[in-house]
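Content type CSV, C-alpha atoms, from the file coords27.csv:
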```
chain,number,residue,atom,x,y,z
R,1,MET,CA,106.4,86.3,95.1
R,2,GLU,CA,105.9,83.0,97.1
R,3,PRO,CA,104.6,83.2,100.7
R,4,GLU,CA,107.1,82.6,103.5
R,5,LEU,CA,107.2,79.3,105.3
R,6,THR,CA,105.9,80.9,108.5
R,7,SER,CA,102.9,82.2,106.7
R,8,LEU,CA,102.1,78.8,105.3
R,9,ASN,CA,102.4,77.3,108.8
R,10,VAL,CA,99.9,79.8,110.2
R,11,GLN,CA,97.6,79.1,107.3
R,12,LEU,CA,97.9,75.3,107.9
R,13,SER,CA,96.9,75.7,111.6
R,14,GLU,CA,94.0,78.0,110.7
R,15,LEU,CA,92.7,75.5,108.1
R,16,ASN,CA,92.9,72.7,110.6
R,17,ASN,CA,90.8,74.6,113.1
R,18,ARG,CA,88.2,75.5,110.4
R,19,THR,CA,87.8,71.9,109.2
R,20,ARG,CA,87.5,70.7,112.8
R,21,THR,CA,84.8,73.3,113.6
R,22,TYR,CA,82.8,72.7,110.4
R,23,SER,CA,82.9,68.9,110.8
R,24,ALA,CA,81.6,69.1,114.4
R,25,ARG,CA,78.8,71.4,113.5
R,26,LEU,CA,77.6,69.2,110.7
R,27,TRP,CA,76.9,66.5,113.3
R,28,GLN,CA,75.8,68.6,116.3
R,29,LEU,CA,73.3,70.9,114.7
R,30,PRO,CA,71.1,68.2,113.0
R,31,LEU,CA,71.1,66.0,116.0
R,32,ALA,CA,70.1,68.9,118.2
R,33,TYR,CA,67.3,69.8,115.7
R,34,PHE,CA,66.0,66.2,115.7
R,35,GLY,CA,66.0,66.0,119.5
R,36,ALA,CA,64.2,69.3,120.0
R,37,ALA,CA,61.6,68.5,117.3
R,38,GLY,CA,60.9,65.2,118.9
R,39,VAL,CA,60.4,66.7,122.3
R,40,VAL,CA,58.0,69.4,121.1
R,41,LEU,CA,55.9,67.2,118.8
R,42,VAL,CA,55.4,64.5,121.4
R,43,GLN,CA,54.1,67.0,124.0
R,44,VAL,CA,51.7,69.2,122.0
R,45,SER,CA,48.0,68.6,121.6
R,46,THR,CA,46.5,67.3,118.4
R,47,ALA,CA,44.9,70.7,117.5
R,48,ALA,CA,48.3,72.4,117.7
R,49,LEU,CA,50.2,69.7,115.9
R,50,PRO,CA,49.9,71.2,112.4
R,51,TRP,CA,51.3,74.5,113.6
R,52,MET,CA,54.2,72.8,115.4
R,53,LEU,CA,54.9,70.7,112.2
R,54,LEU,CA,55.0,74.0,110.2
R,55,ALA,CA,57.4,75.5,112.7
R,56,THR,CA,59.5,72.4,112.5
R,57,ALA,CA,59.6,72.6,108.7
R,58,ILE,CA,60.6,76.3,108.8
R,59,VAL,CA,63.4,75.8,111.3
R,60,GLY,CA,64.5,72.8,109.3
R,61,ALA,CA,64.6,74.8,106.1
R,62,VAL,CA,66.7,77.6,107.7
R,63,LEU,CA,69.0,75.1,109.3
R,64,SER,CA,69.4,73.2,106.0
R,65,LEU,CA,70.6,76.4,104.3
R,66,HIS,CA,73.0,77.0,107.2
R,67,LEU,CA,74.3,73.4,107.1
R,68,TRP,CA,74.8,73.7,103.3
R,69,GLY,CA,76.9,76.8,103.9
R,70,ILE,CA,78.9,75.0,106.5
R,71,GLU,CA,79.4,72.0,104.2
R,72,ASP,CA,80.6,74.3,101.4
R,73,GLY,CA,83.1,76.0,103.8
R,74,ARG,CA,84.3,72.6,105.0
R,75,ASN,CA,84.7,71.4,101.4
R,76,ARG,CA,86.8,74.5,100.5
R,77,ALA,CA,88.9,74.4,103.6
R,78,THR,CA,89.7,70.7,103.1
R,79,LYS,CA,90.7,71.3,99.5
R,80,ALA,CA,92.9,74.2,100.5
R,81,LEU,CA,94.4,72.0,103.3
R,82,ILE,CA,95.3,69.3,100.8
R,83,ASP,CA,96.9,71.8,98.5
R,84,LEU,CA,98.9,73.3,101.4
R,85,GLU,CA,100.1,69.9,102.5
R,86,ARG,CA,101.3,69.3,98.9
R,87,GLN,CA,103.0,72.7,98.8
R,88,LEU,CA,104.8,72.0,102.1
R,89,ASN,CA,105.8,68.5,101.0
R,90,LEU,CA,103.9,67.0,103.9
R,91,PRO,CA,102.4,63.5,103.9
R,92,ALA,CA,98.8,63.5,102.6
R,93,ALA,CA,96.8,63.3,105.9
R,94,SER,CA,93.6,65.1,104.8
R,95,ARG,CA,90.8,63.5,102.8
R,96,ASN,CA,87.8,65.2,101.3
R,97,ARG,CA,85.0,62.6,101.7
R,98,ARG,CA,81.7,64.4,101.4
R,99,TYR,CA,79.6,61.3,101.8
R,100,TYR,CA,80.5,61.5,105.5
R,101,THR,CA,78.8,64.9,106.0
R,102,VAL,CA,76.3,65.4,103.1
R,103,PRO,CA,73.8,62.7,104.5
R,104,MET,CA,73.3,64.8,107.6
R,105,VAL,CA,72.3,67.8,105.5
R,106,ALA,CA,70.1,65.7,103.3
R,107,LEU,CA,68.4,64.2,106.4
R,108,THR,CA,67.7,67.6,107.8
R,109,ILE,CA,66.2,68.7,104.5
R,110,GLY,CA,64.1,65.6,104.3
R,111,THR,CA,62.8,66.1,107.9
R,112,ALA,CA,61.8,69.6,107.0
R,113,VAL,CA,60.0,68.5,103.9
R,114,VAL,CA,58.2,65.6,105.7
R,115,ALA,CA,57.1,68.0,108.5
R,116,LEU,CA,55.7,70.5,106.0
R,117,GLY,CA,53.9,67.7,104.2
R,118,ALA,CA,52.4,66.4,107.4
R,119,ALA,CA,51.2,69.8,108.4
R,120,ILE,CA,49.5,70.3,105.0
R,121,VAL,CA,47.8,66.9,105.3
R,122,LEU,CA,46.5,67.6,108.8
R,123,TRP,CA,45.1,70.9,107.7
R,124,ARG,CA,43.3,69.4,104.7
R,125,ALA,CA,41.9,66.5,106.8
R,126,PRO,CA,38.3,66.7,108.1
R,127,PRO,CA,38.1,67.9,111.7
R,128,ALA,CA,38.0,65.1,114.2
R,129,ALA,CA,34.9,64.5,116.4
R,130,PRO,CA,35.2,66.2,119.8
R,131,ALA,CA,36.5,64.0,122.5
R,132,ALA,CA,33.8,62.7,124.9
R,133,SER,CA,36.0,63.1,128.0
R,134,PRO,CA,37.1,66.5,129.2
R,135,ALA,CA,40.7,67.5,129.2
R,136,PRO,CA,42.6,66.5,132.3
R,137,ALA,CA,42.5,68.9,135.2
R,138,HIS,CA,46.3,69.2,135.2
R,139,ALA,CA,46.5,70.1,131.5
R,140,ILE,CA,48.0,73.6,130.7
R,141,SER,CA,46.3,75.6,127.9
R,142,LEU,CA,48.3,78.2,126.0
R,143,GLY,CA,45.9,79.5,123.4
R,144,PRO,CA,45.7,76.8,120.6
R,145,LEU,CA,48.4,74.8,122.4
R,146,GLN,CA,47.5,72.3,125.2
R,147,VAL,CA,50.5,70.7,126.9
R,148,ASN,CA,50.1,67.9,129.3
R,149,PRO,CA,52.9,68.0,131.8
R,150,THR,CA,52.3,64.5,133.1
R,151,ILE,CA,55.1,62.2,132.3
R,152,GLY,CA,53.8,59.0,131.0
R,153,LEU,CA,55.3,56.2,129.0
R,154,ASP,CA,55.6,58.4,125.9
R,155,GLY,CA,57.4,61.1,127.9
R,156,ILE,CA,59.8,58.6,129.3
R,157,VAL,CA,60.6,57.2,125.9
R,158,ASN,CA,61.1,60.7,124.5
R,159,MET,CA,63.4,61.6,127.4
R,160,LEU,CA,65.4,58.4,126.7
R,161,VAL,CA,65.6,59.2,122.9
R,162,THR,CA,66.7,62.8,123.7
R,163,LEU,CA,69.4,61.4,126.1
R,164,VAL,CA,70.7,59.0,123.5
R,165,LEU,CA,70.8,61.8,120.9
R,166,VAL,CA,72.8,64.0,123.3
R,167,ILE,CA,75.2,61.2,124.1
R,168,VAL,CA,75.7,60.4,120.4
R,169,THR,CA,76.3,64.0,119.6
R,170,ALA,CA,78.8,64.4,122.4
R,171,TYR,CA,80.6,61.2,121.4
R,172,TYR,CA,81.0,62.2,117.7
R,173,ALA,CA,82.0,65.7,118.7
R,174,ARG,CA,84.7,64.4,121.0
R,175,ARG,CA,85.8,61.8,118.4
R,176,ALA,CA,86.0,64.5,115.7
R,177,ASN,CA,88.1,66.8,118.0
R,178,THR,CA,90.4,63.9,119.0
R,179,ILE,CA,91.0,62.9,115.4
R,180,ALA,CA,91.6,66.6,114.3
R,181,THR,CA,93.9,67.2,117.3
R,182,LYS,CA,96.0,64.1,116.4
R,183,ALA,CA,96.2,65.1,112.8
R,184,GLU,CA,97.2,68.6,113.7
R,185,THR,CA,99.9,67.4,116.1
R,186,ALA,CA,101.2,65.1,113.4
R,187,ARG,CA,101.2,68.0,110.9
R,188,GLU,CA,103.0,70.3,113.3
R,189,LYS,CA,105.7,67.7,113.9
R,190,GLU,CA,106.1,67.2,110.1
R,191,VAL,CA,106.3,70.9,109.5
R,192,LYS,CA,109.0,71.3,112.2
R,193,ARG,CA,110.9,68.4,110.7
R,194,VAL,CA,110.7,70.0,107.2
R,195,GLU,CA,111.8,73.4,108.7
R,196,ARG,CA,114.7,71.8,110.5
R,197,GLU,CA,115.9,70.0,107.3
R,198,GLN,CA,115.4,73.1,105.2
R,199,ARG,CA,117.4,75.2,107.8
R,200,GLU,CA,120.2,72.6,107.9
R,201,LEU,CA,120.5,72.5,104.1
R,202,ALA,CA,120.4,76.3,103.8
R,203,GLU,CA,123.1,76.7,106.5
R,204,ALA,CA,125.3,74.0,104.8
R,205,ARG,CA,125.1,76.0,101.5
R,206,ILE,CA,125.7,79.2,103.4
R,207,GLY,CA,128.8,77.8,105.2
R,208,VAL,CA,130.5,76.7,101.9
R,209,VAL,CA,129.7,80.0,100.1
R,210,ALA,CA,130.7,82.1,103.1
R,211,TYR,CA,134.0,80.2,103.4
R,212,ALA,CA,134.8,80.8,99.7
R,213,LEU,CA,133.8,84.5,99.9
R,214,ARG,CA,136.0,84.9,103.1
R,215,ARG,CA,139.0,83.5,101.3
R,216,GLN,CA,138.4,85.9,98.4
R,217,LEU,CA,137.9,89.0,100.5
R,218,ASN,CA,140.9,88.1,102.7
R,219,SER,CA,143.0,88.0,99.5
R,220,TRP,CA,141.8,91.5,98.6
R,221,VAL,CA,142.9,92.6,102.1
R,222,ARG,CA,146.3,90.9,101.9
R,223,GLU,CA,147.0,92.4,98.5
R,224,VAL,CA,146.5,95.9,99.6
R,225,THR,CA,149.2,98.4,98.5
R,226,SER,CA,151.6,100.0,100.9
R,227,GLY,CA,150.1,103.4,100.0
R,228,LEU,CA,146.6,102.4,101.0
R,229,THR,CA,148.0,100.8,104.2
R,230,GLN,CA,149.6,104.1,105.1
R,231,LEU,CA,146.4,106.1,104.4
R,232,ASP,CA,144.4,103.6,106.5
R,233,LYS,CA,146.7,104.1,109.5
R,234,VAL,CA,146.3,107.9,109.1
R,235,TYR,CA,142.5,107.5,108.9
R,236,GLU,CA,142.5,105.3,112.0
R,237,TYR,CA,144.6,107.8,114.0
R,238,LEU,CA,142.5,110.7,113.0
R,239,LEU,CA,139.3,108.9,114.0
R,240,GLY,CA,140.8,108.1,117.4
R,241,SER,CA,142.2,111.6,118.0
R,242,GLY,CA,139.2,113.5,116.8
R,243,GLY,CA,141.2,115.5,114.3
R,244,ALA,CA,140.0,116.9,111.0
R,245,VAL,CA,139.9,113.9,108.6
R,246,LYS,CA,139.5,115.7,105.3
R,247,PRO,CA,142.5,118.1,105.3
R,248,ALA,CA,144.8,115.5,106.9
R,249,MET,CA,143.9,112.8,104.4
R,250,GLY,CA,144.4,115.3,101.6
R,251,GLN,CA,147.9,115.9,102.7
R,252,GLY,CA,148.5,112.2,103.1
R,253,ASP,CA,147.3,111.6,99.5
R,254,GLY,CA,150.4,113.2,98.1
R,255,LYS,CA,152.9,111.6,100.5
R,256,MET,CA,155.5,109.5,98.8
R,257,VAL,CA,155.4,105.8,99.7
R,258,GLY,CA,158.0,103.9,97.9
R,259,THR,CA,158.1,105.0,94.2
R,260,SER,CA,154.6,106.5,94.2
R,261,THR,CA,152.3,108.6,96.3
R,262,ALA,CA,150.0,107.0,98.9
R,263,GLY,CA,147.0,108.2,96.8
R,264,ASP,CA,148.3,106.5,93.7
R,265,GLY,CA,148.8,103.3,95.6
R,266,ALA,CA,145.2,103.4,97.0
R,267,MET,CA,143.9,104.1,93.5
R,268,GLU,CA,145.8,101.2,92.1
R,269,TRP,CA,144.2,98.8,94.6
R,270,ALA,CA,140.7,100.2,93.8
R,271,VAL,CA,141.1,99.9,90.1
R,272,SER,CA,142.5,96.3,90.4
R,273,ARG,CA,139.5,95.2,92.5
R,274,SER,CA,136.8,96.9,90.3
R,275,GLY,CA,137.4,94.4,87.4
R,276,GLY,CA,134.9,91.7,86.6
R,277,GLU,CA,137.3,88.9,87.3
R,278,TYR,CA,137.4,90.0,91.0
R,279,LEU,CA,134.0,91.6,91.5
R,280,ASP,CA,131.6,89.3,89.7
R,281,PRO,CA,132.4,86.1,91.6
R,282,ALA,CA,132.2,87.9,94.9
R,283,GLU,CA,128.8,89.5,94.0
R,284,GLN,CA,127.4,86.0,93.0
R,285,ARG,CA,128.5,84.6,96.3
R,286,VAL,CA,127.0,87.5,98.3
R,287,HIS,CA,123.8,87.1,96.3
R,288,GLN,CA,123.6,83.4,97.1
R,289,LEU,CA,124.1,84.1,100.8
R,290,ALA,CA,121.3,86.6,100.8
R,291,VAL,CA,118.9,84.2,99.1
R,292,ASP,CA,119.5,81.4,101.7
R,293,ALA,CA,119.6,83.8,104.6
R,294,PRO,CA,115.8,83.7,105.4
R,295,TYR,CA,116.0,79.9,106.0
R,296,ALA,CA,118.9,80.1,108.4
R,297,SER,CA,119.0,80.7,112.1
R,298,GLU,CA,118.7,84.3,113.4
R,299,ALA,CA,122.4,84.6,114.3
R,300,ILE,CA,123.6,83.5,110.8
R,301,ARG,CA,120.8,85.5,109.1
R,302,THR,CA,121.9,88.7,110.9
R,303,ALA,CA,125.6,88.1,110.0
R,304,ILE,CA,124.7,87.6,106.4
R,305,TYR,CA,122.6,90.8,106.2
R,306,ASP,CA,125.5,92.7,107.8
R,307,VAL,CA,128.0,91.3,105.3
R,308,THR,CA,125.7,92.0,102.4
R,309,VAL,CA,125.3,95.7,103.3
R,310,LEU,CA,129.1,96.1,104.0
R,311,PHE,CA,130.0,94.4,100.7
R,312,TYR,CA,127.8,96.4,98.5
R,313,GLU,CA,128.7,99.7,100.2
R,314,GLY,CA,132.4,98.9,99.9
R,315,THR,CA,132.3,97.8,96.3
R,316,ARG,CA,130.1,100.8,95.4
R,317,ARG,CA,132.9,103.0,96.7
R,318,ILE,CA,135.5,101.0,94.8
R,319,THR,CA,133.8,101.2,91.4
R,320,GLU,CA,133.0,104.9,91.9
R,321,GLN,CA,136.6,105.9,92.7
R,322,ALA,CA,138.1,103.6,90.0
R,323,ALA,CA,136.0,105.5,87.5
R,324,ALA,CA,136.8,108.9,89.0
R,325,GLY,CA,140.3,109.0,87.7
R,326,PRO,CA,142.2,112.2,88.8
R,327,GLY,CA,139.1,113.3,90.8
R,328,ARG,CA,139.6,110.4,93.2
R,329,ASP,CA,138.7,110.7,96.9
R,330,VAL,CA,141.2,108.7,99.0
R,331,ILE,CA,138.8,108.9,102.0
R,332,GLU,CA,136.2,106.9,100.0
R,333,ILE,CA,138.9,104.3,99.0
R,334,VAL,CA,140.0,103.9,102.6
R,335,ARG,CA,136.4,103.5,103.7
R,336,ALA,CA,135.8,100.9,101.0
R,337,TYR,CA,139.0,99.0,102.1
R,338,ARG,CA,137.8,99.1,105.8
R,339,GLN,CA,134.3,97.8,104.8
R,340,ILE,CA,135.7,94.9,102.8
R,341,ARG,CA,138.0,94.0,105.7
R,342,GLN,CA,135.1,94.2,108.2
R,343,CYS,CA,133.0,92.1,105.8
R,344,ALA,CA,135.6,89.3,105.8
R,345,ALA,CA,135.9,89.5,109.6
R,346,GLN,CA,132.1,88.9,110.0
R,347,LEU,CA,131.8,86.0,107.6
R,348,PRO,CA,133.1,83.3,110.1
R,349,ALA,CA,129.7,83.7,112.0
R,350,ALA,CA,128.0,82.2,108.9
R,351,ILE,CA,130.5,79.3,108.6
R,352,SER,CA,129.9,76.0,110.5
R,353,ASN,CA,132.3,75.0,113.2
R,354,ASP,CA,133.2,71.8,111.4
R,355,LEU,CA,134.1,73.7,108.2
R,356,ARG,CA,136.2,76.2,110.1
R,357,ALA,CA,138.0,73.5,112.0
R,358,ALA,CA,138.7,71.6,108.7
R,359,GLY,CA,140.1,74.8,107.2
R,360,ASP,CA,142.3,75.4,110.3
R,361,ARG,CA,143.7,71.9,110.2
R,362,LEU,CA,144.6,72.2,106.5
R,363,LEU,CA,146.4,75.5,107.2
R,364,ARG,CA,148.3,74.0,110.1
R,365,SER,CA,149.3,71.0,108.0
R,366,ARG,CA,150.7,73.3,105.4
R,367,GLY,CA,152.9,74.8,108.0
```

Could you quickly redo this structure as structure tokens?
Amino acid sequence: MEPELTSLNVQLSELNNRTRTYSARLWQLPLAYFGAAGVVLVQVSTAALPWMLLATAIVGAVLSLHLWGIEDGRNRATKALIDLERQLNLPAASRNRRYYTVPMVALTIGTAVVALGAAIVLWRAPPAAPAASPAPAHAISLGPLQVNPTIGLDGIVNMLVTLVLVIVTAYYARRANTIATKAETAREKEVKRVEREQRELAEARIGVVAYALRRQLNSWVREVTSGLTQLDKVYEYLLGSGGAVKPAMGQGDGKMVGTSTAGDGAMEWAVSRSGGEYLDPAEQRVHQLAVDAPYASEAIRTAIYDVTVLFYEGTRRITEQAAAGPGRDVIEIVRAYRQIRQCAAQLPAAISNDLRAAGDRLLRSRG
């Protein structure tokens, strides 16, 4: 069973959001990592530098695993988005170009490896001679760490680099969001256009089939026998008066109408309409209406579903009573006739105004 168009549209919107989020993170997280590492490594003392490099390597390794998972999710979401656009017959707007995003993951991995190598080299290097001058009075000592809060030239340069990284991250994030928003807007417009065209085509098919089915069912109603007409009047009167339907209809069954009883006339109509030359074309048309109904507007869809239920209930009664023979139930035949008549009366709701107007003009021209 294929998914409905509404489900595909929801999936399309969700995939757009996922690819946008994944792409933004693949830029933002590495740049934030580089900026934070630069700030920390510039400010720490020489003795604590190997430990900070080791911490930078560990964070980089964990971040690399996370980025690789994000890249895998972006890759799968983009492929699914391309397949969905093809399924919906939309213009191909998505591209899966991994060389835009994989370099950021590789750069993060490389930074972590370099930081780990630098830490190992510093640990294996011979200890440096103690400095002749004491530490500045304003230095802050935190165990093995010694941070100098004085902002010198290096601090100013580091602040400028961090500011540039933040600006670049914000720029690319905004650019990615803008591009994704425009692409999503274009897709939504295209989806609405496809839905509108699909609805118009479905309603055009529905109108033609409904018009033919209405003509056929109206012929069934017009060719009703006088006996069935008499029983229908009795049934209508009993419903309005609240009388006992079953006994009265049983009495009406044997009432003479012309040269036969009312019941025989009703049975004659049911038997004539149960044949394949009458029933099969009507069933095919009702089936076609039900198949196209999900793509039509709500009003037409509701009318078709009502017609489908009425038709199959009415024809069920017709075939059952036609096969019953002497054990016929005239009430069931009358109900079947009324359902077929009601079915024909509801079909105009599924026919376009232009087609109904053309039919009316043709009938008037025939006089």

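Taking atom CA of Thr108 of chain R and atom CA of Ala55 of chain R as endpoints, the distance between them is 13.9 Å.
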
Task: Shell of 12 Å around segment 192-207 of chain R, all atoms listed in the file, local chain residues under 4 positions omitted, as number ranges by chain - done: R: 4-6, 8-9, 85, 87-91, 185-188, 211-214, 285-301, 303-304, 347-356, 359

Give me a file of those residues, with C-alpha atoms, as an mmCIF file, in the coordinates of the input.
```
data_model
loop_
_atom_site.group_PDB
_atom_site.id
_atom_site.type_symbol
_atom_site.label_atom_id
_atom_site.label_comp_id
_atom_site.auth_asym_id
_atom_site.auth_seq_id
_atom_site.Cartn_x
_atom_site.Cartn_y
_atom_site.Cartn_z
ATOM 1 C CA GLU R 4 107.100 82.600 103.500
ATOM 2 C CA LEU R 5 107.200 79.300 105.300
ATOM 3 C CA THR R 6 105.900 80.900 108.500
ATOM 4 C CA LEU R 8 102.100 78.800 105.300
ATOM 5 C CA ASN R 9 102.400 77.300 108.800
ATOM 6 C CA GLU R 85 100.100 69.900 102.500
ATOM 7 C CA GLN R 87 103.000 72.700 98.800
ATOM 8 C CA LEU R 88 104.800 72.000 102.100
ATOM 9 C CA ASN R 89 105.800 68.500 101.000
ATOM 10 C CA LEU R 90 103.900 67.000 103.900
ATOM 11 C CA PRO R 91 102.400 63.500 103.900
ATOM 12 C CA THR R 185 99.900 67.400 116.100
ATOM 13 C CA ALA R 186 101.200 65.100 113.400
ATOM 14 C CA ARG R 187 101.200 68.000 110.900
ATOM 15 C CA GLU R 188 103.000 70.300 113.300
ATOM 16 C CA TYR R 211 134.000 80.200 103.400
ATOM 17 C CA ALA R 212 134.800 80.800 99.700
ATOM 18 C CA LEU R 213 133.800 84.500 99.900
ATOM 19 C CA ARG R 214 136.000 84.900 103.100
ATOM 20 C CA ARG R 285 128.500 84.600 96.300
ATOM 21 C CA VAL R 286 127.000 87.500 98.300
ATOM 22 C CA HIS R 287 123.800 87.100 96.300
ATOM 23 C CA GLN R 288 123.600 83.400 97.100
ATOM 24 C CA LEU R 289 124.100 84.100 100.800
ATOM 25 C CA ALA R 290 121.300 86.600 100.800
ATOM 26 C CA VAL R 291 118.900 84.200 99.100
ATOM 27 C CA ASP R 292 119.500 81.400 101.700
ATOM 28 C CA ALA R 293 119.600 83.800 104.600
ATOM 29 C CA PRO R 294 115.800 83.700 105.400
ATOM 30 C CA TYR R 295 116.000 79.900 106.000
ATOM 31 C CA ALA R 296 118.900 80.100 108.400
ATOM 32 C CA SER R 297 119.000 80.700 112.100
ATOM 33 C CA GLU R 298 118.700 84.300 113.400
ATOM 34 C CA ALA R 299 122.400 84.600 114.300
ATOM 35 C CA ILE R 300 123.600 83.500 110.800
ATOM 36 C CA ARG R 301 120.800 85.500 109.100
ATOM 37 C CA ALA R 303 125.600 88.100 110.000
ATOM 38 C CA ILE R 304 124.700 87.600 106.400
ATOM 39 C CA LEU R 347 131.800 86.000 107.600
ATOM 40 C CA PRO R 348 133.100 83.300 110.100
ATOM 41 C CA ALA R 349 129.700 83.700 112.000
ATOM 42 C CA ALA R 350 128.000 82.200 108.900
ATOM 43 C CA ILE R 351 130.500 79.300 108.600
ATOM 44 C CA SER R 352 129.900 76.000 110.500
ATOM 45 C CA ASN R 353 132.300 75.000 113.200
ATOM 46 C CA ASP R 354 133.200 71.800 111.400
ATOM 47 C CA LEU R 355 134.100 73.700 108.200
ATOM 48 C CA ARG R 356 136.200 76.200 110.100
ATOM 49 C CA GLY R 359 140.100 74.800 107.200
#
```

Open item on the list: Please compute the atom CA of Asn218 of chain R-atom CA of Gln342 of chain R distance, one decimal, in Å.
Closed with: 10.1 Å

- [ ] Would you kindly return, as a PyMOL selection string, each protein, DNA or RNA residue with an atom no farther than 10 Å from any atom of Val221 of chain R, considering all atoms listed in the file and excluding same-chain residues fewer than 2 positions away?
- [x] chain R and resi 215-219+223-225+229+269+337-338+340-341+344

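For the residues R:Leu15, R:Val271, R:Leu122, R:Ala80, ranking by smallest atom-to-atom distance to Ala324 of chain R using only C-alpha atoms places R:Val271 first.
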
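Picture a line from atom CA of Leu228 of chain R to atom CA of Gly265 of chain R; it runs 5.9 Å.
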
Open item on the list: For Glu184 of chain R, find every residue with an atom within 12 Å (counting all atoms listed in the file), except residues of its own chain fewer than 3 positions away, and show them as a PyMOL selection string.
Closed with: chain R and resi 9+12-20+81+85+90+93-94+177-181+187-191

- [ ] Please provide as a VMD selection string all residues within 9 Å of Arg95 of chain R, with the sequence filter that same-chain residues fewer than 6 positions apart are discarded (counting all atoms listed in the file).
- [x] chain R and resid 78 to 79 82
